Structures are given as C-alpha cells and as structure tokens.
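As provided, work-v9.cif (mmCIF, C-alpha atoms) reads as follows.
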data_start
loop_
_atom_site.label_atom_id
_atom_site.label_comp_id
_atom_site.auth_asym_id
_atom_site.auth_seq_id
_atom_site.Cartn_x
_atom_site.Cartn_y
_atom_site.Cartn_z
CA MET B 246 6.68 -5.84 12.88
CA ILE B 247 4.44 -6.10 9.84
CA SER B 248 0.92 -7.17 10.70
CA THR B 249 -0.54 -10.54 9.73
CA VAL B 250 -2.14 -10.56 6.28
CA SER B 251 -3.08 -12.92 3.51
CA PRO B 252 -0.12 -13.78 1.27
CA THR B 253 -2.03 -13.27 -1.98
CA ALA B 254 -5.11 -11.50 -3.24
CA SER B 255 -8.23 -13.28 -2.13
CA ARG B 256 -9.72 -15.73 -4.57
CA ARG B 257 -13.07 -14.18 -3.67
CA SER B 258 -11.89 -10.70 -4.61
CA ASN B 259 -12.55 -9.71 -8.20
CA PRO B 260 -10.05 -7.13 -9.50
CA SER B 261 -12.19 -6.47 -12.57
CA SER B 262 -14.96 -5.10 -10.37
CA ALA B 263 -12.87 -2.24 -8.96
CA ALA B 264 -13.43 1.30 -10.16
CA SER B 265 -9.80 1.88 -11.08
CA TYR B 266 -6.72 -0.28 -11.14
CA LEU B 267 -3.07 -0.25 -10.14
CA GLN B 268 -1.61 -1.98 -13.18
CA PRO B 269 2.00 -1.67 -14.37
CA ALA B 270 2.82 1.65 -15.97
CA ASP B 271 3.33 -0.13 -19.30
CA GLN B 272 -0.46 0.01 -19.58
CA ARG B 273 -0.36 3.83 -19.38
CA SER B 274 -3.77 3.65 -17.79
CA LEU B 275 -5.49 2.86 -14.52
CA GLY B 276 -8.06 0.92 -16.57
CA GLY B 277 -8.77 -2.76 -16.30
CA ALA B 278 -6.61 -4.23 -19.04
CA ALA B 279 -4.50 -7.21 -18.10
CA ALA B 280 -1.11 -6.40 -16.65
CA LEU B 281 1.96 -6.77 -18.82
CA PRO B 282 5.07 -8.52 -17.50
CA THR B 283 6.98 -6.25 -15.14
CA PRO B 284 10.62 -5.76 -16.20
CA GLN B 285 13.50 -6.25 -13.80
CA LEU B 286 14.81 -2.76 -13.03
CA THR B 287 17.54 -2.69 -10.41
CA ASN B 288 17.99 1.04 -9.81
CA TRP B 289 16.01 4.28 -9.85
CA ASP B 290 17.68 5.61 -13.02
CA ALA B 291 16.58 2.51 -14.93
CA VAL B 292 13.05 2.86 -13.55
CA ARG B 293 12.82 6.51 -14.61
CA SER B 294 14.13 5.73 -18.07
CA HIS B 295 11.73 2.81 -18.61
CA TYR B 296 8.67 4.71 -17.44
CA ASN B 297 9.54 8.01 -19.13
CA LEU B 298 10.00 9.93 -15.91
CA ALA B 299 13.19 11.66 -17.02
CA TRP B 300 11.87 15.15 -16.27
CA GLU B 301 12.21 17.03 -12.99
CA PRO B 302 10.03 19.63 -11.29
CA ILE B 303 11.93 22.90 -10.94
CA ALA B 304 11.19 26.32 -9.47
CA ALA B 305 10.66 29.35 -11.70
CA PRO B 306 9.73 32.96 -10.88
CA VAL B 307 6.16 34.20 -11.12
CA LEU B 308 6.04 37.26 -13.34
CA ALA B 309 4.18 40.27 -12.00
CA SER B 310 1.42 41.64 -14.21
CA GLY B 311 0.61 45.27 -14.90
CA PRO B 312 -2.85 46.85 -15.17
CA ASP B 313 -3.11 45.55 -18.73
CA GLY B 314 -2.43 41.99 -17.58
CA LEU B 315 0.96 41.83 -19.31
CA PRO B 316 4.33 41.18 -17.60
CA VAL B 317 6.06 44.31 -16.28
CA LEU B 318 9.39 44.96 -18.01
CA GLU B 319 12.15 46.12 -15.64
CA GLY B 320 14.99 46.39 -18.13
CA ILE B 321 17.45 44.55 -20.33
CA ASP B 322 20.30 42.39 -19.02
CA GLU B 323 23.89 42.35 -20.33
CA SER B 324 22.99 39.71 -22.90
CA GLY B 325 20.20 41.80 -24.31
CA ASN B 326 17.42 39.69 -22.80
CA PRO B 327 14.38 41.34 -21.20
CA VAL B 328 14.14 41.29 -17.41
CA TYR B 329 10.63 41.21 -15.98
CA GLN B 330 9.36 42.11 -12.55
CA THR B 331 8.54 39.07 -10.37
CA GLU B 332 6.28 38.41 -7.41
CA GLY B 333 8.47 37.82 -4.38
CA ASP B 334 5.91 35.93 -2.27
CA HIS B 335 5.22 33.14 -4.77
CA LYS B 336 7.15 30.81 -7.05
CA LYS B 337 6.09 28.63 -9.96
CA ILE B 338 6.74 24.87 -10.20
CA VAL B 339 7.25 23.75 -13.80
CA ARG B 340 8.34 20.63 -15.64
CA ASN B 341 11.82 21.00 -17.15
CA ASP B 342 10.78 19.21 -20.34
CA THR B 343 7.52 20.82 -21.45
CA TRP B 344 7.72 23.83 -19.07
CA ALA B 345 4.09 23.25 -18.16
CA THR B 346 3.09 24.85 -14.87
CA LEU B 347 2.36 22.34 -12.10
CA GLY B 348 1.57 24.74 -9.27
CA ILE B 349 2.16 28.23 -7.87
CA PRO B 350 2.94 27.86 -4.14
CA ARG B 351 4.34 30.49 -1.78
CA SER B 352 8.03 31.33 -1.98
CA GLY B 353 8.94 29.16 1.04
CA TYR B 354 7.94 26.00 -0.83
CA GLU B 355 10.88 23.60 -1.29
CA VAL B 356 10.89 21.58 -4.51
CA LEU B 357 11.42 17.85 -3.90
CA ASP B 358 12.48 16.36 -7.20
CA HIS B 359 12.43 12.81 -8.53
CA ALA B 360 16.13 12.26 -7.88
CA LEU B 361 15.47 12.84 -4.18
CA LEU B 362 12.53 10.41 -4.30
CA GLY B 363 14.89 7.80 -5.72
CA ARG B 364 17.25 8.20 -2.76
CA ILE B 365 14.36 7.36 -0.42
CA ILE B 366 13.11 4.21 -2.10
CA ALA B 367 16.53 2.94 -3.24
CA PRO B 368 16.84 0.46 -0.31
CA VAL B 369 13.78 -1.36 -1.64
CA ILE B 370 14.31 -1.04 -5.42
CA GLU B 371 17.85 -2.38 -5.14
CA ALA B 372 16.81 -5.37 -3.01
CA PRO B 373 16.68 -8.85 -4.60
CA GLY B 374 13.20 -9.68 -5.84
CA ALA B 375 12.01 -6.06 -6.09
CA GLN B 376 9.80 -4.98 -8.98
CA VAL B 377 8.23 -1.62 -9.78
CA ARG B 378 4.67 -2.74 -10.48
CA MET B 379 3.15 0.66 -11.18
CA LEU B 380 4.39 4.18 -11.89
CA HIS B 381 2.11 6.97 -13.10
CA GLU B 382 2.00 10.67 -13.68
CA LEU B 383 -1.33 12.13 -12.62
CA ARG B 384 -2.83 15.42 -13.76
CA GLY B 385 -0.02 16.24 -16.15
CA GLY B 386 2.71 15.52 -13.61
CA ARG B 387 1.24 17.41 -10.67
CA SER B 388 1.46 14.12 -8.82
CA VAL B 389 3.54 10.98 -9.38
CA MET B 390 2.54 7.73 -7.71
CA GLY B 391 4.07 4.28 -7.78
CA LEU B 392 4.25 0.83 -6.19
CA VAL B 393 7.32 -1.29 -5.57
CA GLU B 394 6.80 -4.94 -4.66
CA LEU B 395 9.42 -6.95 -2.83
CA THR B 396 8.54 -10.62 -3.27
CA ARG B 397 9.98 -13.56 -1.41
CA GLU B 398 9.17 -17.17 -2.16
CA SER B 399 8.13 -19.33 0.78
CA ARG B 400 11.25 -21.04 2.08
CA GLY B 401 11.15 -24.65 3.20
CA LEU B 402 7.38 -25.04 2.80
CA ALA B 403 6.90 -27.83 0.32
CA GLY B 404 3.60 -27.63 -1.48
CA ASP B 405 2.87 -23.99 -0.64
CA PRO B 406 2.70 -22.03 -3.93
CA SER B 407 2.15 -18.62 -2.31
CA PRO B 408 4.83 -15.94 -2.46
CA TRP B 409 4.92 -13.17 0.15
CA THR B 410 4.91 -9.56 -0.93
CA LEU B 411 5.96 -6.33 0.75
CA THR B 412 4.40 -3.36 -1.04
CA ILE B 413 6.02 0.06 -0.89
CA GLY B 414 3.82 2.92 -2.04
CA PHE B 415 5.12 6.38 -2.83
CA GLN B 416 3.57 9.60 -4.03
CA ALA B 417 5.27 12.87 -4.89
CA SER B 418 3.17 16.03 -5.21
CA HIS B 419 4.35 18.96 -7.32
CA ASP B 420 1.23 21.13 -7.27
CA GLY B 421 2.21 23.11 -4.19
CA LYS B 422 -0.37 21.40 -1.98
CA GLY B 423 0.55 17.84 -1.04
CA SER B 424 3.63 16.31 0.59
CA LEU B 425 5.98 13.52 -0.48
CA LYS B 426 4.72 10.26 1.04
CA VAL B 427 6.27 6.80 1.36
CA TRP B 428 4.69 3.88 3.20
CA GLY B 429 4.76 0.11 3.47
CA SER B 430 2.10 -2.57 3.41
CA ALA B 431 2.16 -6.37 3.56
CA GLU B 432 -0.92 -6.50 1.33
CA ARG B 433 -1.00 -6.58 -2.45
CA LEU B 434 -3.02 -3.63 -3.74
CA TRP B 435 -5.26 -3.83 -6.79
CA CYS B 436 -7.25 -0.60 -6.91
CA THR B 437 -7.04 3.00 -5.77
CA ASN B 438 -9.53 2.38 -2.97
CA GLN B 439 -7.12 -0.21 -1.54
CA TRP B 440 -4.26 2.25 -2.15
CA ASN B 441 -5.91 4.89 0.03
CA SER B 442 -6.97 2.37 2.68
CA GLY B 443 -3.49 0.85 2.77
CA MET B 444 -1.89 4.27 3.14
CA ARG B 445 -4.17 5.18 6.05
CA ARG B 446 -3.47 1.85 7.71
CA ALA B 447 0.29 2.33 7.28
CA ARG B 448 -0.01 5.77 8.87
CA SER B 449 -1.88 4.39 11.90
CA GLU B 450 0.66 1.57 12.36
CA GLY B 451 3.84 3.63 12.01
CA ARG B 452 4.85 2.45 8.52
CA PHE B 453 4.35 5.85 6.90
CA TYR B 454 6.59 8.86 6.35
CA ALA B 455 5.65 12.23 4.87
CA ILE B 456 8.00 15.06 3.98
CA LYS B 457 6.53 18.54 3.69
CA HIS B 458 7.97 20.94 1.14
CA THR B 459 9.81 23.13 3.65
CA LYS B 460 13.41 24.31 3.79
CA ASN B 461 14.48 21.44 6.07
CA ALA B 462 12.91 18.80 3.80
CA PRO B 463 16.24 17.55 2.36
CA GLU B 464 17.39 16.75 5.90
CA GLN B 465 14.53 14.25 6.26
CA VAL B 466 15.48 12.17 3.24
CA ASP B 467 17.80 9.89 5.23
CA GLN B 468 15.06 9.28 7.82
CA ALA B 469 12.57 8.29 5.13
CA ALA B 470 15.14 6.00 3.49
CA ARG B 471 15.80 4.45 6.91
CA LEU B 472 12.11 3.58 7.14
CA MET B 473 12.44 1.67 3.87
CA THR B 474 15.39 -0.26 5.28
CA VAL B 475 13.48 -1.03 8.49
CA LEU B 476 10.53 -2.31 6.46
CA ARG B 477 12.83 -4.65 4.55
CA HIS B 478 14.20 -6.06 7.81
CA ASP B 479 10.70 -6.32 9.28
CA PHE B 480 9.60 -8.17 6.17
CA ASP B 481 12.35 -10.77 6.63
CA GLY B 482 11.30 -11.15 10.27
CA PHE B 483 7.68 -11.44 9.18
CA LEU B 484 8.60 -14.32 6.86
CA LYS B 485 10.49 -16.15 9.58
CA ASP B 486 7.46 -15.84 11.86
CA ARG B 487 5.13 -17.14 9.16
CA GLU B 488 7.39 -20.05 8.34
CA SER B 489 7.57 -21.07 11.98
CA LEU B 490 3.76 -21.03 12.13
CA HIS B 491 3.55 -23.21 9.04
CA ARG B 492 5.76 -25.77 10.77
CA MET B 493 3.32 -26.11 13.67
CA PRO B 494 0.87 -28.92 12.77
CA VAL B 495 -2.77 -28.95 13.83
CA THR B 496 -5.37 -31.70 13.49
CA PRO B 497 -8.67 -31.40 11.61
CA THR B 498 -10.40 -31.35 15.01
CA GLN B 499 -8.23 -28.45 16.20
CA ARG B 500 -8.87 -26.59 12.97
CA GLU B 501 -12.61 -26.93 13.44
CA GLU B 502 -12.24 -25.74 17.03
CA PHE B 503 -10.40 -22.69 15.68
CA VAL B 504 -13.30 -21.96 13.33
CA GLU B 505 -15.77 -22.11 16.21
CA ARG B 506 -13.61 -19.92 18.44
CA MET B 507 -13.06 -17.26 15.78
CA VAL B 508 -16.74 -17.13 14.76
CA PRO B 509 -18.58 -17.93 17.99
CA LEU B 510 -22.31 -18.35 18.42
CA PRO B 511 -24.20 -15.66 20.37
CA ASP B 512 -24.37 -16.15 24.15
CA GLN B 513 -28.09 -16.92 24.01
CA TRP B 514 -27.87 -19.10 20.92
CA ALA B 515 -29.68 -22.06 22.58
CA GLU B 516 -32.80 -19.94 22.96
CA MET B 517 -32.75 -18.74 19.37
CA LYS B 518 -34.40 -20.40 16.42
CA ASP B 519 -32.22 -21.99 13.77
CA ASP B 520 -33.44 -19.48 11.20
CA ASN B 521 -32.50 -16.51 13.38
CA PHE B 522 -30.44 -14.04 11.35
CA ARG B 523 -27.57 -13.99 13.85
CA ILE B 524 -27.38 -17.79 13.89
CA ARG B 525 -27.44 -17.98 10.10
CA ARG B 526 -24.80 -15.26 9.90
CA VAL B 527 -22.46 -17.25 12.15
CA HIS B 528 -22.86 -20.39 10.05
CA GLU B 529 -22.27 -18.42 6.84
CA ARG B 530 -19.02 -16.94 8.12
CA ARG B 531 -17.87 -20.29 9.45
CA ASP B 532 -18.48 -21.84 6.02
CA VAL B 533 -16.45 -19.05 4.40
CA LEU B 534 -13.58 -19.69 6.80
CA ARG B 535 -13.71 -23.44 6.15
CA SER B 536 -13.69 -22.89 2.39
CA ILE B 537 -10.45 -20.91 2.63
CA PHE B 538 -8.66 -24.00 3.93
CA THR B 539 -9.47 -25.82 0.67
CA SER B 540 -8.27 -22.99 -1.58
CA PRO B 541 -5.17 -23.43 -3.81
CA THR B 542 -3.12 -21.03 -1.66
CA MET B 543 -3.43 -23.45 1.27
CA ALA B 544 -2.11 -26.47 -0.63
CA GLY B 545 0.38 -28.35 1.52
CA VAL B 546 -0.05 -26.19 4.62
CA ASP B 547 -3.79 -26.38 5.35
CA LEU B 548 -3.26 -28.28 8.62
CA THR B 549 -0.80 -25.84 10.22
CA ALA B 550 -1.07 -22.93 12.63
CA GLY B 551 0.03 -20.69 9.76
CA ALA B 552 -3.02 -21.70 7.73
CA LEU B 553 -5.28 -20.81 10.66
CA VAL B 554 -3.79 -17.33 10.95
CA GLU B 555 -3.84 -16.65 7.22
CA ALA B 556 -7.39 -17.90 6.76
CA ALA B 557 -8.59 -15.63 9.56
CA GLY B 558 -6.77 -12.73 7.94
CA GLU B 559 -8.44 -13.43 4.61
CA LEU B 560 -11.83 -13.70 6.29
CA SER B 561 -11.27 -10.35 7.97
CA ASP B 562 -10.20 -8.63 4.75
CA TRP B 563 -12.50 -10.24 2.20
CA GLY B 564 -14.94 -12.78 3.58
CA GLY B 565 -18.67 -12.47 3.93
CA HIS B 566 -20.96 -9.46 3.62
CA GLN B 567 -19.35 -6.48 5.32
CA THR B 568 -20.62 -2.94 5.57
CA VAL B 569 -18.29 -0.08 4.73
CA ASP B 570 -18.38 1.12 8.35
CA GLY B 571 -17.64 -2.35 9.66
CA ARG B 572 -14.72 -2.89 7.30
CA LEU B 573 -13.30 0.54 8.17
CA ARG B 574 -13.61 -0.11 11.88
CA ARG B 575 -11.92 -3.52 11.66
CA SER B 576 -9.12 -2.54 9.30
CA LEU B 577 -8.29 0.96 10.51
CA LEU B 578 -9.67 1.79 13.93
CA GLU B 579 -9.29 -1.55 15.69
CA GLN B 580 -5.92 -2.23 14.03
CA ASN B 581 -6.53 -5.88 13.16
CA THR B 582 -7.99 -7.04 16.47
CA PHE B 583 -9.48 -10.08 14.73
CA LYS B 584 -6.10 -11.05 13.27
CA THR B 585 -4.35 -10.59 16.60
CA ARG B 586 -6.88 -12.89 18.25
CA ALA B 587 -6.38 -15.42 15.43
CA MET B 588 -2.67 -15.53 16.16
CA ARG B 589 -3.31 -16.10 19.85
CA GLU B 590 -5.86 -18.87 19.24
CA ALA B 591 -3.67 -20.63 16.65
CA LEU B 592 -0.67 -20.69 18.95
CA ALA B 593 -2.80 -22.01 21.83
CA LEU B 594 -4.20 -24.85 19.70
CA ALA B 595 -0.83 -25.83 18.22
CA ALA B 596 0.98 -25.80 21.57
#
What would the structure in this file look like if it were written as structure tokens?
Amino acid sequence: MISTVSPTASRRSNPSSAASYLQPADQRSLGGAAALPTPQLTNWDAVRSHYNLAWEPIAAPVLASGPDGLPVLEGIDESGNPVYQTEGDHKKIVRNDTWATLGIPRSGYEVLDHALLGRIIAPVIEAPGAQVRMLHELRGGRSVMGLVELTRESRGLAGDPSPWTLTIGFQASHDGKGSLKVWGSAERLWCTNQWNSGMRRARSEGRFYAIKHTKNAPEQVDQAARLMTVLRHDFDGFLKDRESLHRMPVTPTQREEFVERMVPLPDQWAEMKDDNFRIRRVHERRDVLRSIFTSPTMAGVDLTAGALVEAAGELSDWGGHQTVDGRLRRSLLEQNTFKTRAMREALALAA
C-alpha cells in the first residue's frame, strides 16, 4: 500500500528555490520557468510524437582501427560497399536519427528501446486522469527521463479542493552504464533532488523496478508493467483509505491533543527553563503543525482524522528546520515512522 503523504506540494515549499526543476517537456529546460499546460496524451505513441522522442537507440558494430588509427578494410561486399573489420567484444549504441554515438558497451549489452519502455508504463499512461508532466533527453539522448502523474479528485469530500496524485518516474539509459528504471511515488516532485530522493524511497519500499541490459531483459518487461498495474490498484486503495479517514470527525480538543502527542515535550520539561532550546523547539514545531490545519488544502476537512494524518505528513516532509541527515533518516532509513505513528494516534482519537 502506498505510504501516507501530503496530497499537494507544501505551501511552505518554494519551487523557485530549487536548483533544477521538473517542468513539462514543453519548456525544453529544467530551468525555473512557469509550467505550460500539459496536453492530454492517451498512449505512448502520442507522447513520443508530442515530445519529439521518435528516435530509437540501436546497436551498431565498433570498427577496429589499424596502426594508423583508420578503420581496417576487409573487402568489398556484393553491392560494392566496403566491409570493415569490427571489434567482437564491444558494440556501439547510436541514435537512429542523427547516428550520434550514445555509448560503447561490451557485446553482451542488450539495447532496451523506447518502444519497450512504452510497454512498461502503458498501464499508467492509458489510465483516466493520467498526464505526462515531464519528458527529457539528457546528455544528447544518453538518458531519457520522465514523469507521469495519475490524478484523482477527492470523492465525496465537500469543501476539500485537494486532488491526489500518483507519480510514476521512469528513466532509460543508453550510454552502456545505467539500467532502465521505473518507480512509483505518492508525492508530487518538483526538483531533481526530490526525484532522486523519491526514487531511493520507492526502492526501499518495494515500488521500484530496474531492468539491466542483459539478454533476458525483454522477459522482465511484463513484470515491470505488472508493477505499474499494482501501483494503480494501490493508489485506488490509498484513496479509499484517505476518504474513510476524512469521514471520521474529531473535535478541536482532540486535534490539540494530537498536536501534543505528535510533538511531545521532553521528559524533564518541568525542570527546564521556558527559554530552553528544546522547549522552544517543541513549541515551534507545534505551531507549524497547527498552522497546517488552517491552510487552504485543509478547507472543509480540518476537523477530521484525515486532516491529522496529512498535517503530520506535511510536517515530516516540510515543516520546521531540519538537517540533511535528519531528513534523510526520517524519509529513507526509518521509512516514515512519524507518519505511521500519526495514523495510529489519529485513529485512536477518532475512535
């Protein structure tokens, strides 16, 4: 099941402050310009045509060189074309449009083309509400990366303006070094730092699939596509869980009790001075958590168990002053311990 996350980007996060951006491919840049409207593209062929990804990576022989550095001529074929000596232990990966070289791996390297990539992500692209938010060629086509977002409006939650988004990331490598990767996240990604963090998190939580460029790679395509189907089903289950939480009312008193439970005072707080750093830190984080309940994304649902869980998730991901090590430990190593505890506390209070 997809882990608990905030339904939208935090209002405290500032996309313009990121080093690089995951904007739609219409921008032709990872720079910070405003995103253009994303077109509705219902199949992989339409996506490739719109984003000029009509080319394929193909294998070509590596010509052997003589002492003078020139190709070694072996003879002339029946059509009168020259035949050159090749290196048997390597092959060349080239684009079939510009014939630019993308990589020179060993001969056992299996080319995984863009048509095969489309077979993997088709279950998501063809789903209602899916949009390809970003598609880019990197380093002249040596790598292709993209994001597909599957958005569902909140069902039966009057007053809640927040859609839910399942993000599918994919990256194909054609330089002879990397693998083909597909993964799923319930968080909306804005910059490449979040891309990398989201991919690592998906790997640790079993929502990641990588295909190495080996001879049995084509046999793994159906397994990777099955992961995409499972993520779609998990996403629907995730929404049902969230909606049930939003139908569990809590009182203002219970909400305040949740704040105190999630951000508790130190055990020896009575012996500490009010200006003690640890005491002040607790009050700061509690104020951040309280402020989330008054944000526009909580309109109409701020006194529900769902709001408690989502606010705690936003606090974990964005709130307060966090060190890099602390954020890494919470988001990757501890696998959302804070969010799991928030779910348990919210259910206990709403019972």
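Proximity to Pro463 (chain B) was assessed for B:Gly385, B:Ser324, B:Leu490, B:Arg364 counting all atoms listed in the file; the smallest distance is recorded for B:Arg364.
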Pick out the residues sitting within 10 Å of Arg471 (chain B), and hand them over as a PDB file with C-alpha atoms, in the frame of the given file; count only C-alpha atoms, and ignore anything fewer than 6 positions along from it in its own chain.
ATOM      1  CA  ILE B 365      14.360   7.360  -0.420  1.00  0.00           C
ATOM      2  CA  ILE B 366      13.110   4.210  -2.100  1.00  0.00           C
ATOM      3  CA  PRO B 368      16.840   0.460  -0.310  1.00  0.00           C
ATOM      4  CA  GLN B 465      14.530  14.250   6.260  1.00  0.00           C
ATOM      5  CA  ARG B 477      12.830  -4.650   4.550  1.00  0.00           C
TER       6      ARG B 477
END
Practice prompt. Check what the PyMOL selection byres ((chain B and resi 422) around 10) selects in the file above and give those residues as number ranges by chain.
Written response: B: 348-350, 354, 387, 418-421, 423-424, 457-458
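For the file shown, the residue list from the PyMOL selection byres ((chain B and resi 492) around 12) reads B:Arg400, B:Gly401, B:Leu402, B:Ala403, B:Asp405, B:Lys485, B:Asp486, B:Arg487, B:Glu488, B:Ser489, B:Leu490, B:His491, B:Met493, B:Pro494, B:Val495, B:Gly545, B:Val546, B:Asp547, B:Leu548, B:Thr549, B:Ala550, B:Gly551, B:Ala552, B:Leu592, B:Ala595, B:Ala596.
Note that CA of Glu382 (chain B) and CA of Asn341 (chain B) are 14.7 Å apart.
Excluding Phe503 (chain B) itself and same-chain residues fewer than 2 positions from it, the residues having an atom within 8 Å of it are Gln499, Arg500, Glu501, Glu505, Arg506, Met507, Leu553, Glu590, Ala591 and Leu594 of chain B, counting all atoms listed in the file.
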Discussion item. Taking the file as I've supplied it (selection: the PyMOL selection byres ((chain B and resi 532) around 12)), which residues are included? Please answer as a list in words.
Written reply: Glu501, Val504, Glu505, Val508, Arg525, Arg526, Val527, His528, Glu529, Arg530, Arg531, Val533, Leu534, Arg535, Ser536, Ile537, Phe538, Thr539, Ala556, Leu560, Gly564 and Gly565 of chain B
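Using only C-alpha atoms, the shortest contact distance between Leu411 (chain B) and any of B:Arg523, B:Arg351, B:His478, B:Arg445 is found at B:His478.
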Worksheet item: To one decimal place, how far is CA of Leu361 (chain B) from CA of Ser442 (chain B) in Å?
Response: 25.7 Å
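In this structure, CA of Ser388 (chain B) sits 23.2 Å away from CA of Asp334 (chain B).
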Discussion item. Neighbouring residues of Lys584 (chain B) were defined as those with any atom within 8 Å, considering only C-alpha atoms; residues of the same chain fewer than 5 positions away were excluded. Please report them as an MDAnalysis selection string.
Written reply: chainID B and resid 249 554 557:558 561
Give me, as a PDB file with C-alpha atoms, keeping the file's coordinate frame, all polymer residues having an atom no more than 10 Å from region 369-376 of chain B, counting all atoms listed in the file and skipping those fewer than 5 positions away in the same chain.
ATOM      1  CA  THR B 283       6.980  -6.250 -15.140  1.00  0.00           C
ATOM      2  CA  PRO B 284      10.620  -5.760 -16.200  1.00  0.00           C
ATOM      3  CA  GLN B 285      13.500  -6.250 -13.800  1.00  0.00           C
ATOM      4  CA  LEU B 286      14.810  -2.760 -13.030  1.00  0.00           C
ATOM      5  CA  THR B 287      17.540  -2.690 -10.410  1.00  0.00           C
ATOM      6  CA  ASN B 288      17.990   1.040  -9.810  1.00  0.00           C
ATOM      7  CA  TRP B 289      16.010   4.280  -9.850  1.00  0.00           C
ATOM      8  CA  VAL B 292      13.050   2.860 -13.550  1.00  0.00           C
ATOM      9  CA  GLY B 363      14.890   7.800  -5.720  1.00  0.00           C
ATOM     10  CA  LEU B 392       4.250   0.830  -6.190  1.00  0.00           C
ATOM     11  CA  VAL B 393       7.320  -1.290  -5.570  1.00  0.00           C
ATOM     12  CA  GLU B 394       6.800  -4.940  -4.660  1.00  0.00           C
ATOM     13  CA  LEU B 395       9.420  -6.950  -2.830  1.00  0.00           C
ATOM     14  CA  THR B 396       8.540 -10.620  -3.270  1.00  0.00           C
ATOM     15  CA  ARG B 397       9.980 -13.560  -1.410  1.00  0.00           C
ATOM     16  CA  GLU B 398       9.170 -17.170  -2.160  1.00  0.00           C
ATOM     17  CA  THR B 410       4.910  -9.560  -0.930  1.00  0.00           C
ATOM     18  CA  LEU B 411       5.960  -6.330   0.750  1.00  0.00           C
ATOM     19  CA  THR B 412       4.400  -3.360  -1.040  1.00  0.00           C
ATOM     20  CA  ILE B 413       6.020   0.060  -0.890  1.00  0.00           C
ATOM     21  CA  ALA B 470      15.140   6.000   3.490  1.00  0.00           C
ATOM     22  CA  MET B 473      12.440   1.670   3.870  1.00  0.00           C
ATOM     23  CA  THR B 474      15.390  -0.260   5.280  1.00  0.00           C
ATOM     24  CA  LEU B 476      10.530  -2.310   6.460  1.00  0.00           C
ATOM     25  CA  ARG B 477      12.830  -4.650   4.550  1.00  0.00           C
TER      26      ARG B 477
END
